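Asker: My structure file my_file22.txt, compact mmCIF, C-alpha atoms and all ligand atoms, is below:
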```
# COMPACT_ATOMS: atom_id res chain seq x y z
CA MET A 578 -16.32 -1.17 11.68
CA ASN A 579 -18.98 1.48 11.12
CA ASN A 580 -22.18 0.28 9.51
CA ILE A 581 -22.37 2.93 6.76
CA TYR A 582 -19.44 1.26 5.01
CA LYS A 583 -20.43 -1.36 2.48
CA ARG A 584 -17.61 -3.02 0.59
CA ARG A 585 -18.19 -3.71 -3.05
CA LYS A 586 -18.12 -7.44 -3.72
CA THR A 587 -15.24 -8.52 -5.89
CA ARG A 588 -14.05 -11.84 -7.21
CA GLU A 589 -11.42 -13.44 -5.00
CA ILE A 590 -8.03 -14.04 -6.59
CA THR A 591 -4.76 -15.57 -5.43
CA ILE A 592 -1.32 -14.05 -5.52
CA GLY A 593 1.31 -16.30 -3.94
CA SER A 594 0.30 -16.87 -0.32
CA LYS A 595 -2.26 -14.05 -0.30
CA ARG A 596 -5.89 -13.79 -1.32
CA ILE A 597 -7.21 -10.52 -2.70
CA GLY A 598 -10.79 -9.35 -3.12
CA GLY A 599 -13.94 -10.89 -1.65
CA ASN A 600 -13.94 -10.45 2.11
CA ASN A 601 -10.16 -10.49 2.43
CA PRO A 602 -8.48 -7.53 4.10
CA ILE A 603 -7.52 -4.63 1.86
CA LEU A 604 -3.79 -5.18 1.39
CA VAL A 605 -1.04 -2.58 1.49
CA GLN A 606 1.61 -2.78 -1.17
CA SER A 607 4.67 -0.88 -2.30
CA MET A 608 7.37 -0.90 -4.94
CA THR A 609 11.10 -1.03 -4.30
CA LYS A 610 13.26 1.96 -5.20
CA ASN A 611 16.74 0.40 -5.19
CA LYS A 612 18.24 -1.15 -8.29
CA PHE A 613 19.41 -4.73 -8.73
CA GLU A 614 22.94 -3.36 -9.14
CA GLN A 615 22.71 -2.21 -5.50
CA MET A 616 21.68 -5.67 -4.30
CA ASP A 617 22.57 -5.14 -0.63
CA LEU A 618 20.46 -1.99 -0.50
CA LEU A 619 17.63 -3.72 -2.33
CA LYS A 620 17.67 -6.64 0.11
CA ASP A 621 17.67 -4.22 3.07
CA GLU A 622 14.72 -2.41 1.49
CA ILE A 623 12.76 -5.64 1.02
CA ILE A 624 13.39 -6.65 4.65
CA SER A 625 12.38 -3.18 5.89
CA LEU A 626 9.23 -3.30 3.78
CA ILE A 627 8.26 -6.67 5.22
CA ASN A 628 9.00 -5.45 8.78
CA SER A 629 6.86 -2.37 8.23
CA GLY A 630 3.89 -4.52 7.19
CA CYS A 631 4.08 -4.39 3.40
CA GLU A 632 1.92 -7.23 2.09
CA ILE A 633 2.80 -7.28 -1.62
CA ILE A 634 6.11 -6.09 -3.08
CA ARG A 635 6.55 -4.95 -6.68
CA ILE A 636 9.94 -4.75 -8.34
CA ALA A 637 10.77 -3.19 -11.71
CA VAL A 638 12.07 -5.87 -14.09
CA THR A 639 13.87 -4.08 -16.88
CA ASP A 640 16.08 -6.63 -18.64
CA SER A 641 17.21 -10.25 -18.68
CA ASP A 642 19.72 -9.61 -15.85
CA SER A 643 16.77 -8.64 -13.65
CA ILE A 644 15.31 -12.09 -14.20
CA SER A 645 18.28 -13.89 -12.65
CA HIS A 646 18.20 -11.43 -9.75
CA ILE A 647 14.55 -12.10 -8.97
CA ARG A 648 15.18 -15.82 -9.28
CA ASP A 649 17.98 -15.49 -6.68
CA LEU A 650 15.84 -13.40 -4.34
CA ILE A 651 13.04 -15.96 -4.50
CA ARG A 652 15.49 -18.82 -3.91
CA GLU A 653 16.89 -16.98 -0.88
CA GLY A 654 13.40 -16.87 0.64
CA PHE A 655 12.66 -13.14 0.45
CA PHE A 656 9.19 -13.74 -0.95
CA GLU A 657 8.10 -16.72 1.09
CA ASN A 658 5.40 -14.79 2.92
CA VAL A 659 5.04 -11.66 0.83
CA PRO A 660 4.23 -12.09 -2.87
CA LEU A 661 6.44 -10.61 -5.55
CA VAL A 662 5.00 -8.68 -8.47
CA ALA A 663 7.36 -8.19 -11.40
CA ASP A 664 6.66 -4.85 -13.03
CA ILE A 665 7.01 -5.21 -16.80
CA GLN A 666 6.86 -2.48 -19.40
CA PHE A 667 7.20 -2.96 -23.18
CA ASP A 668 8.64 -6.48 -23.26
CA CYS A 669 6.24 -9.43 -23.29
CA GLU A 670 9.13 -11.95 -23.22
CA LEU A 671 10.36 -10.48 -19.94
CA ALA A 672 6.92 -11.02 -18.42
CA ILE A 673 7.06 -14.68 -19.41
CA LEU A 674 10.59 -15.07 -18.05
CA ALA A 675 9.61 -13.35 -14.78
CA LEU A 676 6.73 -15.81 -14.29
CA GLU A 677 9.05 -18.73 -15.07
CA ALA A 678 11.54 -17.33 -12.54
CA GLY A 679 8.86 -17.57 -9.85
CA ALA A 680 7.27 -14.11 -9.68
CA HIS A 681 3.79 -14.56 -8.21
CA CYS A 682 2.35 -11.91 -10.47
CA VAL A 683 3.35 -9.74 -13.41
CA ARG A 684 2.09 -6.23 -13.83
CA ILE A 685 1.63 -5.45 -17.50
CA ASN A 686 0.61 -2.18 -19.07
CA PRO A 687 -1.89 -2.49 -21.95
CA GLY A 688 -0.58 0.80 -23.34
CA ASN A 689 2.84 -0.59 -24.14
CA ILE A 690 2.99 -4.40 -23.92
CA GLY A 691 2.61 -4.80 -27.68
CA GLY A 692 -1.02 -5.73 -28.30
CA PRO A 693 -3.39 -8.66 -27.77
CA GLU A 694 -1.27 -11.42 -29.31
CA LYS A 695 1.65 -10.74 -26.99
CA THR A 696 -0.68 -10.43 -24.04
CA LYS A 697 -2.18 -13.83 -24.88
CA LYS A 698 1.27 -15.40 -24.56
CA ILE A 699 1.62 -13.94 -21.06
CA ILE A 700 -1.87 -15.11 -20.11
CA ASN A 701 -1.07 -18.66 -21.28
CA LYS A 702 2.08 -18.70 -19.17
CA ALA A 703 0.22 -17.38 -16.11
CA LYS A 704 -2.42 -20.06 -16.64
CA ASP A 705 0.22 -22.81 -16.85
CA LEU A 706 1.92 -21.65 -13.67
CA ASP A 707 -1.19 -20.64 -11.68
CA SER A 708 0.16 -17.13 -11.43
CA CYS A 709 -1.57 -13.80 -11.24
CA ILE A 710 -1.57 -10.82 -13.60
CA ARG A 711 -2.20 -7.19 -12.84
CA ILE A 712 -3.58 -5.15 -15.71
CA GLY A 713 -1.95 -1.81 -14.91
CA VAL A 714 -3.35 1.06 -16.96
CA ASN A 715 -1.66 4.38 -16.37
CA SER A 716 -2.74 7.86 -17.51
CA GLY A 717 0.79 8.59 -18.73
CA SER A 718 0.93 5.65 -21.13
CA ILE A 719 -2.51 5.10 -22.62
CA ASP A 720 -2.67 3.50 -26.06
CA LYS A 721 -2.64 6.47 -28.51
CA LYS A 722 -5.34 4.93 -30.71
CA ILE A 723 -7.75 4.72 -27.79
CA LEU A 724 -6.85 8.22 -26.64
CA ASN A 725 -7.58 9.59 -30.13
CA LYS A 726 -10.86 7.67 -30.28
CA PHE A 727 -12.01 9.52 -27.16
CA ASN A 728 -10.64 12.93 -28.20
CA ASN A 729 -8.00 12.82 -25.48
CA ASP A 730 -10.60 12.25 -22.75
CA CYS A 731 -8.22 10.46 -20.41
CA VAL A 732 -10.89 8.96 -18.12
CA SER A 733 -12.91 7.37 -20.95
CA ALA A 734 -9.75 6.16 -22.67
CA MET A 735 -8.46 4.54 -19.47
CA VAL A 736 -11.79 2.80 -18.85
CA GLU A 737 -11.97 1.57 -22.46
CA SER A 738 -8.36 0.38 -22.44
CA THR A 739 -8.97 -1.56 -19.22
CA LEU A 740 -12.21 -3.13 -20.42
CA GLU A 741 -10.64 -4.14 -23.72
CA TYR A 742 -8.05 -6.11 -21.79
CA VAL A 743 -10.59 -7.55 -19.38
CA ARG A 744 -12.51 -8.94 -22.38
CA LEU A 745 -9.32 -10.45 -23.74
CA PHE A 746 -8.58 -12.14 -20.39
CA GLU A 747 -12.15 -13.42 -20.13
CA ASN A 748 -12.07 -14.76 -23.69
CA MET A 749 -9.01 -16.75 -22.69
CA LYS A 750 -10.86 -17.98 -19.59
CA PHE A 751 -8.25 -16.51 -17.28
CA TYR A 752 -9.69 -14.85 -14.21
CA ASN A 753 -6.84 -14.63 -11.71
CA PHE A 754 -6.14 -10.97 -12.32
CA LYS A 755 -6.56 -7.60 -10.70
CA ILE A 756 -6.75 -4.17 -12.18
CA SER A 757 -5.20 -0.81 -11.55
CA ALA A 758 -6.06 2.31 -13.52
CA LYS A 759 -4.06 5.13 -11.99
CA ALA A 760 -4.04 8.75 -13.05
CA SER A 761 -1.90 11.51 -11.59
CA SER A 762 -5.07 13.60 -11.26
CA VAL A 763 -6.98 12.68 -8.12
CA MET A 764 -10.34 13.45 -9.74
CA ASP A 765 -9.55 11.41 -12.86
CA SER A 766 -8.48 8.46 -10.73
CA ILE A 767 -11.69 8.62 -8.72
CA HIS A 768 -13.81 8.73 -11.90
CA VAL A 769 -11.94 5.88 -13.57
CA TYR A 770 -12.12 3.57 -10.55
CA LYS A 771 -15.77 4.39 -9.87
CA THR A 772 -16.70 3.68 -13.47
CA LEU A 773 -14.76 0.42 -13.51
CA SER A 774 -16.29 -0.71 -10.23
CA GLU A 775 -19.75 -0.35 -11.79
CA LYS A 776 -18.80 -2.41 -14.83
CA ILE A 777 -16.63 -5.26 -13.56
CA ASN A 778 -16.10 -7.20 -10.34
CA TYR A 779 -12.40 -8.00 -10.51
CA PRO A 780 -10.29 -6.82 -7.58
CA LEU A 781 -9.10 -3.24 -7.89
CA HIS A 782 -5.67 -2.08 -6.83
CA LEU A 783 -5.98 1.61 -5.98
CA GLY A 784 -3.39 4.30 -6.33
CA ILE A 785 -2.78 7.85 -7.47
CA THR A 786 0.17 7.63 -9.81
CA GLU A 787 3.12 10.01 -9.56
CA ALA A 788 1.41 11.59 -6.55
CA GLY A 789 4.46 13.60 -5.52
CA SER A 790 6.70 14.00 -2.50
CA LYS A 791 6.18 12.59 0.99
CA PHE A 792 3.84 15.38 2.08
CA ALA A 793 1.93 16.21 -1.12
CA GLY A 794 1.77 12.60 -2.27
CA ALA A 795 0.39 11.35 1.01
CA ILE A 796 -2.31 14.03 0.99
CA LYS A 797 -3.33 13.45 -2.64
CA SER A 798 -3.42 9.70 -2.07
CA SER A 799 -5.40 10.08 1.15
CA VAL A 800 -8.03 12.18 -0.57
CA GLY A 801 -8.31 10.01 -3.69
CA LEU A 802 -8.05 6.62 -2.04
CA GLY A 803 -10.08 7.77 0.96
CA ILE A 804 -13.06 8.71 -1.19
CA LEU A 805 -12.95 5.44 -3.12
CA LEU A 806 -12.43 3.28 -0.05
CA TYR A 807 -15.27 5.01 1.75
CA GLU A 808 -17.51 4.00 -1.14
CA GLY A 809 -16.45 0.39 -0.72
CA ILE A 810 -14.11 0.39 -3.73
CA GLY A 811 -10.61 -1.09 -3.53
CA ASP A 812 -8.99 -4.39 -2.61
CA THR A 813 -5.34 -3.37 -2.40
CA ILE A 814 -3.68 0.03 -2.23
CA ARG A 815 -0.37 1.70 -2.88
CA VAL A 816 0.57 5.22 -1.90
CA SER A 817 3.12 6.36 -4.52
CA LEU A 818 5.66 8.75 -3.05
CA THR A 819 8.84 10.32 -4.35
CA ASP A 820 10.38 9.12 -1.11
CA SER A 821 11.11 5.97 0.86
CA SER A 822 8.94 2.94 0.12
CA ILE A 823 8.59 2.49 3.89
CA TYR A 824 6.68 5.79 4.04
CA GLU A 825 4.40 4.45 1.31
CA VAL A 826 3.49 1.50 3.54
CA LYS A 827 3.01 3.70 6.60
CA ALA A 828 0.79 6.09 4.67
CA GLY A 829 -1.22 3.13 3.33
CA TYR A 830 -1.95 1.89 6.83
CA TYR A 831 -2.79 5.38 8.08
CA ILE A 832 -5.39 5.65 5.32
CA LEU A 833 -6.93 2.22 6.00
CA ASN A 834 -6.80 2.61 9.79
CA SER A 835 -8.46 6.04 9.54
CA LEU A 836 -11.44 4.44 7.81
CA ASN A 837 -11.50 1.49 10.25
CA LEU A 838 -10.73 -0.83 7.32
CA ARG A 839 -7.59 -2.19 8.98
CA ASN A 840 -6.32 -2.01 12.52
CA TYR A 841 -2.59 -2.21 12.10
CA GLY A 842 0.21 -0.85 14.24
CA ILE A 843 0.45 2.10 16.54
CA ASP A 844 -2.00 4.97 16.38
CA ILE A 845 -0.24 8.00 17.85
CA ILE A 846 -2.47 10.77 19.08
CA SER A 847 -0.39 13.86 19.70
CA CYS A 848 -1.53 17.40 20.24
CA PRO A 849 -0.46 20.13 17.81
CA THR A 850 1.28 22.05 20.67
CA CYS A 851 0.60 25.67 21.49
CA GLY A 852 1.69 28.43 23.84
CA ARG A 853 0.85 26.23 26.83
CA THR A 854 3.31 23.50 25.83
CA LYS A 855 6.23 23.37 28.26
CA SER A 856 8.18 20.46 26.75
CA ASP A 857 9.64 19.51 23.39
CA LEU A 858 6.56 17.51 22.49
CA LYS A 859 7.47 17.28 18.80
CA ALA A 860 10.76 15.55 19.61
CA VAL A 861 9.03 13.13 21.99
CA ALA A 862 6.28 12.30 19.47
CA GLU A 863 8.85 11.73 16.72
CA GLU A 864 10.96 9.51 18.95
CA ILE A 865 7.89 7.46 19.89
CA GLU A 866 7.03 7.17 16.20
CA ARG A 867 10.55 5.91 15.51
CA ILE A 868 10.49 3.42 18.40
CA THR A 869 7.11 2.02 17.36
CA ALA A 870 7.75 2.00 13.60
CA ASN A 871 7.73 -1.81 13.26
CA VAL A 872 5.09 -2.65 15.87
CA ALA A 873 2.26 -4.48 14.13
CA LYS A 874 0.02 -4.84 17.20
CA PRO A 875 -2.74 -2.24 17.19
CA LEU A 876 -2.18 0.10 20.12
CA LYS A 877 -3.25 3.64 20.81
CA VAL A 878 -0.60 5.98 22.18
CA ALA A 879 -1.36 9.55 23.29
CA VAL A 880 1.32 12.22 23.68
CA MET A 881 -0.21 15.41 25.00
CA GLY A 882 1.31 18.78 25.83
CA CYS A 883 -0.60 20.01 28.86
CA ILE A 884 -3.39 19.44 31.32
CA VAL A 885 -6.13 20.91 29.11
CA ASN A 886 -6.80 17.78 27.02
CA GLY A 887 -3.80 15.72 28.09
CA PRO A 888 -5.18 13.55 30.91
CA GLY A 889 -8.43 12.91 29.02
CA GLU A 890 -6.71 11.67 25.85
CA ALA A 891 -4.01 9.84 27.82
CA ARG A 892 -6.67 7.92 29.75
CA GLU A 893 -8.32 6.79 26.49
CA ALA A 894 -5.06 5.36 25.15
CA ASP A 895 -3.24 2.08 25.79
CA ILE A 896 -0.25 4.20 26.81
CA GLY A 897 -0.71 7.91 27.45
CA ILE A 898 1.77 10.62 28.30
CA ALA A 899 0.43 13.93 29.53
CA PHE A 900 3.03 16.61 30.09
CA GLY A 901 2.62 19.02 32.96
CA MET A 902 4.68 22.01 34.08
CA LYS A 903 7.70 20.07 35.30
CA LYS A 904 6.77 16.40 35.09
CA ALA A 905 4.82 14.07 32.85
CA ALA A 906 2.06 11.69 33.89
CA VAL A 907 2.24 8.20 32.36
CA PHE A 908 -1.06 6.39 31.88
CA VAL A 909 -1.49 2.73 31.00
CA LYS A 910 -4.90 1.39 29.95
CA GLY A 911 -6.72 4.35 31.41
CA ARG A 912 -5.02 4.50 34.79
CA ILE A 913 -2.29 6.85 35.90
CA LEU A 914 0.80 4.78 36.57
CA LYS A 915 3.32 7.36 37.73
CA ARG A 916 4.65 10.86 37.29
CA VAL A 917 8.14 10.99 35.84
CA GLU A 918 10.80 13.59 35.08
CA ILE A 919 10.55 14.93 31.54
CA GLU A 920 13.91 13.39 30.57
CA ASP A 921 12.67 9.94 31.67
CA VAL A 922 9.56 9.93 29.49
CA ILE A 923 11.01 7.93 26.60
CA SER A 924 12.56 5.21 28.76
CA GLU A 925 9.30 4.87 30.74
CA PHE A 926 7.34 4.69 27.51
CA THR A 927 9.65 2.01 26.07
CA CYS A 928 9.36 -0.04 29.25
CA GLU A 929 5.53 0.06 29.21
CA LEU A 930 5.42 -0.62 25.47
CA GLU A 931 7.51 -3.77 25.86
CA LYS A 932 5.04 -5.06 28.46
CA LEU A 933 2.14 -4.58 26.04
CA ILE A 934 3.58 -6.12 22.87
S1 LIG A 1001 -3.10 19.72 24.75
FE1 LIG A 1001 -2.43 21.59 25.77
S2 LIG A 1001 -0.43 22.01 24.83
FE2 LIG A 1001 -1.45 20.58 23.48
S3 LIG A 1001 -2.44 21.91 21.99
FE3 LIG A 1001 -3.95 21.43 23.56
S4 LIG A 1001 -3.82 23.15 24.96
FE4 LIG A 1001 -1.95 23.22 23.73
```
Give the structure from this file in structure tokens form.
Ligand code: SF4
Answerer:
Amino acid sequence: MNNIYKRRKTREITIGSKRIGGNNPILVQSMTKNKFEQMDLLKDEIISLINSGCEIIRIAVTDSDSISHIRDLIREGFFENVPLVADIQFDCELAILALEAGAHCVRINPGNIGGPEKTKKIINKAKDLDSCIRIGVNSGSIDKKILNKFNNDCVSAMVESTLEYVRLFENMKFYNFKISAKASSVMDSIHVYKTLSEKINYPLHLGITEAGSKFAGAIKSSVGLGILLYEGIGDTIRVSLTDSSIYEVKAGYYILNSLNLRNYGIDIISCPTCGRTKSDLKAVAEEIERITANVAKPLKVAVMGCIVNGPGEAREADIGIAFGMKKAAVFVKGRILKRVEIEDVISEFTCELEKLI
């Protein structure tokens, strides 16, 4: 950990088996994409998310049928080690039913949950069951009255909407909650989260909402979340992508690992290739990425195209592959192990990886 980073102190809260805020690790979360009607696909997605390191899973709960589905999933043990957040929009009764069904947390949106009285009912239920609530403000669904009050200044309206709800929670003496205030604009998100972090000390769940496709969304999220995290702001993160939820988790860890805030999984260092590259380095790097997708142990792997920087980077890695003209040198923990034929690189890599994990 570098010493210029200073994490903002937040109140510690509990969500199922996990603690958030305080000195706890910044957690990576995601939201499922499959519907309850495609239960087999949804179950596969939940298992894949857990295998890829997802630490909190959110599921959209849209009607009373969803409630029996989440109850079944909980009973079948899917959320024994990874907490479930039921995402509720509009319907306060659904939030209460989701908590009764065993959801560890409900995400409610102040912009559409129906006002303070309905929110109080949810808070009382969460209190009774020792559950958690996420106040999830979103730039696309801010309360119109608050938006008008601030002349459509989205940042001020989001901050005000969040604080209004924080006061309500505090008045009810309920403190086991976290906050998200996501905008689709990176700059707005940064301003909202920075302002909130100066005013309150509840854990913040960071995200850029509706960030876009795999490529654009990962970049926007990296910039927005990266700036906030660097300033010590953020206790959990989600990278929202119009793509697989597994990519969301991977992107989340890449962001946290890049800032030395987590040390999770395989860090692949691969060169961009150039006119000196004699092998299909892209295919090798992608295959190594696929093979190592579910490895949680932090390891550095270098895949380099030629002798210019190849041996140097390969020596620095736990496993390094430096391609030459006709063969590739395999390094393990800084020492050259052997030179192998190009077509044997993947099998050699797999063999050495298995010894290390
Ligand atoms: S390591 Fe070699 S092949 Fe790769 S980009 Fe650098 S010079 Fe080109």
Asker: Using only C-alpha atoms and all ligand atoms, determine which residues fall within 9 Å of ligand LIG 1001 (chain A), then list them as a VMD selection string.
Answerer: chain A and resid 847 to 856 858 880 to 888 890 899 to 900
Asker: Please indicate the distance in Å from atom CA of A:Lys610 to atom CA of A:Asn715, rounded to one decimal place.
Answerer: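 If I compute the distance from atom CA of A:Lys610 to atom CA of A:Asn715, I get 18.8 Å.
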Asker: May I have the residues within 10 Å of A:Tyr824 as a count of residues only, using all atoms listed in the file and disregarding those fewer than 5 positions away in the same chain?
Answerer: 11
Asker: Distance atom CA of A:Glu866-atom CA of A:Gly809, one decimal place?
Answerer: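 One can read the atom CA of A:Glu866 to atom CA of A:Gly809 distance as 29.7 Å.
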Asker: Calculated over all atoms listed in the file, which of the candidates A:Lys695, A:Lys726, A:Arg585, A:His646 has the smallest distance to A:Tyr779?
Answerer: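 The shortest atom-to-atom distance to A:Tyr779 comes from A:Arg585.
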Asker: Can you work out the spacing between atom CA of A:Gly717 and atom CA of A:Met735 in Å, to one decimal?
Answerer: 10.1 Å
Asker: Could you tell me which of A:Glu589, A:Asp640, A:Glu741, A:Glu920 comes closest to A:Lys612 if we count all atoms listed in the file?
Answerer: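 Counting all atoms listed in the file, the residue closest to A:Lys612 is A:Asp640.
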Asker: Can you work out which one of A:Phe655, A:Tyr770, A:Tyr742, A:Tyr807 has the shortest atom-to-atom distance to A:Ile832, counting only C-alpha atoms?
Answerer: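 Of all the options, A:Tyr807 lies closest to A:Ile832.
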Asker: Using only C-alpha atoms, determine which residues lie at most 12 Å from A:Tyr831, disregarding the query and same-chain residues fewer than 5 positions distant; provide the list as an MDAnalysis selection string.
Answerer: chainID A and resid 605 630 795:796 798:799 802:803 814:816 824:826 836:845 875
Asker: List the neighbours of A:Ile633 out to 8 Å using all atoms listed in the file; skip same-chain residues closer than 4 positions along the sequence, and give me the result as an MDAnalysis selection string.
Answerer: chainID A and resid 604:607 659:662
Asker: Choose the residue, out of A:Arg744, A:Lys595, A:Lys915, A:Lys771, that has the smallest atom-to-atom separation from A:Ser708; count all atoms listed in the file.
Answerer: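 Of A:Arg744, A:Lys595, A:Lys915, A:Lys771, the one nearest A:Ser708 is A:Lys595, counting all atoms listed in the file.
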Asker: Which residues come within 12 Å of stretch 616-619 of chain A, counting all atoms listed in the file, excluding same-chain residues fewer than 2 positions away, as a ChimeraX atom specification?
Answerer: /A:608-614,621-626,634-637,643,646-647,649-650,655,822
Asker: Could you write those residues out with C-alpha atoms, as a PDB file, in the coordinates of the input?
Answerer:
```pdb
ATOM      1  CA  MET A 608       7.370  -0.900  -4.940  1.00  0.00           C
ATOM      2  CA  THR A 609      11.100  -1.030  -4.300  1.00  0.00           C
ATOM      3  CA  LYS A 610      13.260   1.960  -5.200  1.00  0.00           C
ATOM      4  CA  ASN A 611      16.740   0.400  -5.190  1.00  0.00           C
ATOM      5  CA  LYS A 612      18.240  -1.150  -8.290  1.00  0.00           C
ATOM      6  CA  PHE A 613      19.410  -4.730  -8.730  1.00  0.00           C
ATOM      7  CA  GLU A 614      22.940  -3.360  -9.140  1.00  0.00           C
ATOM      8  CA  ASP A 621      17.670  -4.220   3.070  1.00  0.00           C
ATOM      9  CA  GLU A 622      14.720  -2.410   1.490  1.00  0.00           C
ATOM     10  CA  ILE A 623      12.760  -5.640   1.020  1.00  0.00           C
ATOM     11  CA  ILE A 624      13.390  -6.650   4.650  1.00  0.00           C
ATOM     12  CA  SER A 625      12.380  -3.180   5.890  1.00  0.00           C
ATOM     13  CA  LEU A 626       9.230  -3.300   3.780  1.00  0.00           C
ATOM     14  CA  ILE A 634       6.110  -6.090  -3.080  1.00  0.00           C
ATOM     15  CA  ARG A 635       6.550  -4.950  -6.680  1.00  0.00           C
ATOM     16  CA  ILE A 636       9.940  -4.750  -8.340  1.00  0.00           C
ATOM     17  CA  ALA A 637      10.770  -3.190 -11.710  1.00  0.00           C
ATOM     18  CA  SER A 643      16.770  -8.640 -13.650  1.00  0.00           C
ATOM     19  CA  HIS A 646      18.200 -11.430  -9.750  1.00  0.00           C
ATOM     20  CA  ILE A 647      14.550 -12.100  -8.970  1.00  0.00           C
ATOM     21  CA  ASP A 649      17.980 -15.490  -6.680  1.00  0.00           C
ATOM     22  CA  LEU A 650      15.840 -13.400  -4.340  1.00  0.00           C
ATOM     23  CA  PHE A 655      12.660 -13.140   0.450  1.00  0.00           C
ATOM     24  CA  SER A 822       8.940   2.940   0.120  1.00  0.00           C
TER      25      SER A 822
END
```
Asker: Which residue, A:Cys669, A:Ile785, A:Cys709, A:Ile804, has the smallest gap to A:Arg596 when you use all atoms listed in the file?
Answerer: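 Closest to A:Arg596, using all atoms listed in the file: A:Cys709.
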Asker: Do you know which residues are at most 12 Å from A:Thr591 counting only C-alpha atoms, after dropping those on the same chain fewer than 3 positions away, and could you put them as a CSV table (one decimal) with C-alpha atoms, in the coordinates of the input?
Answerer:
```csv
chain,number,residue,atom,x,y,z
A,588,ARG,CA,-14.0,-11.8,-7.2
A,594,SER,CA,0.3,-16.9,-0.3
A,595,LYS,CA,-2.3,-14.0,-0.3
A,596,ARG,CA,-5.9,-13.8,-1.3
A,597,ILE,CA,-7.2,-10.5,-2.7
A,598,GLY,CA,-10.8,-9.4,-3.1
A,599,GLY,CA,-13.9,-10.9,-1.6
A,601,ASN,CA,-10.2,-10.5,2.4
A,633,ILE,CA,2.8,-7.3,-1.6
A,660,PRO,CA,4.2,-12.1,-2.9
A,681,HIS,CA,3.8,-14.6,-8.2
A,682,CYS,CA,2.4,-11.9,-10.5
A,703,ALA,CA,0.2,-17.4,-16.1
A,707,ASP,CA,-1.2,-20.6,-11.7
A,708,SER,CA,0.2,-17.1,-11.4
A,709,CYS,CA,-1.6,-13.8,-11.2
A,710,ILE,CA,-1.6,-10.8,-13.6
A,711,ARG,CA,-2.2,-7.2,-12.8
A,752,TYR,CA,-9.7,-14.8,-14.2
A,753,ASN,CA,-6.8,-14.6,-11.7
A,754,PHE,CA,-6.1,-11.0,-12.3
A,755,LYS,CA,-6.6,-7.6,-10.7
A,779,TYR,CA,-12.4,-8.0,-10.5
A,780,PRO,CA,-10.3,-6.8,-7.6
```
Asker: Go ahead and fit an axis-aligned box to every listed atom of stretch 867-872 of chain A plus 4 Å each side, and pass me the centre and edge lengths in Å, one decimal, as lines of an AutoDock Vina configuration file.
Answerer:
```
center_x = 7.8
center_y = 1.6
center_z = 15.8
size_x = 13.5
size_y = 16.6
size_z = 13.1
```
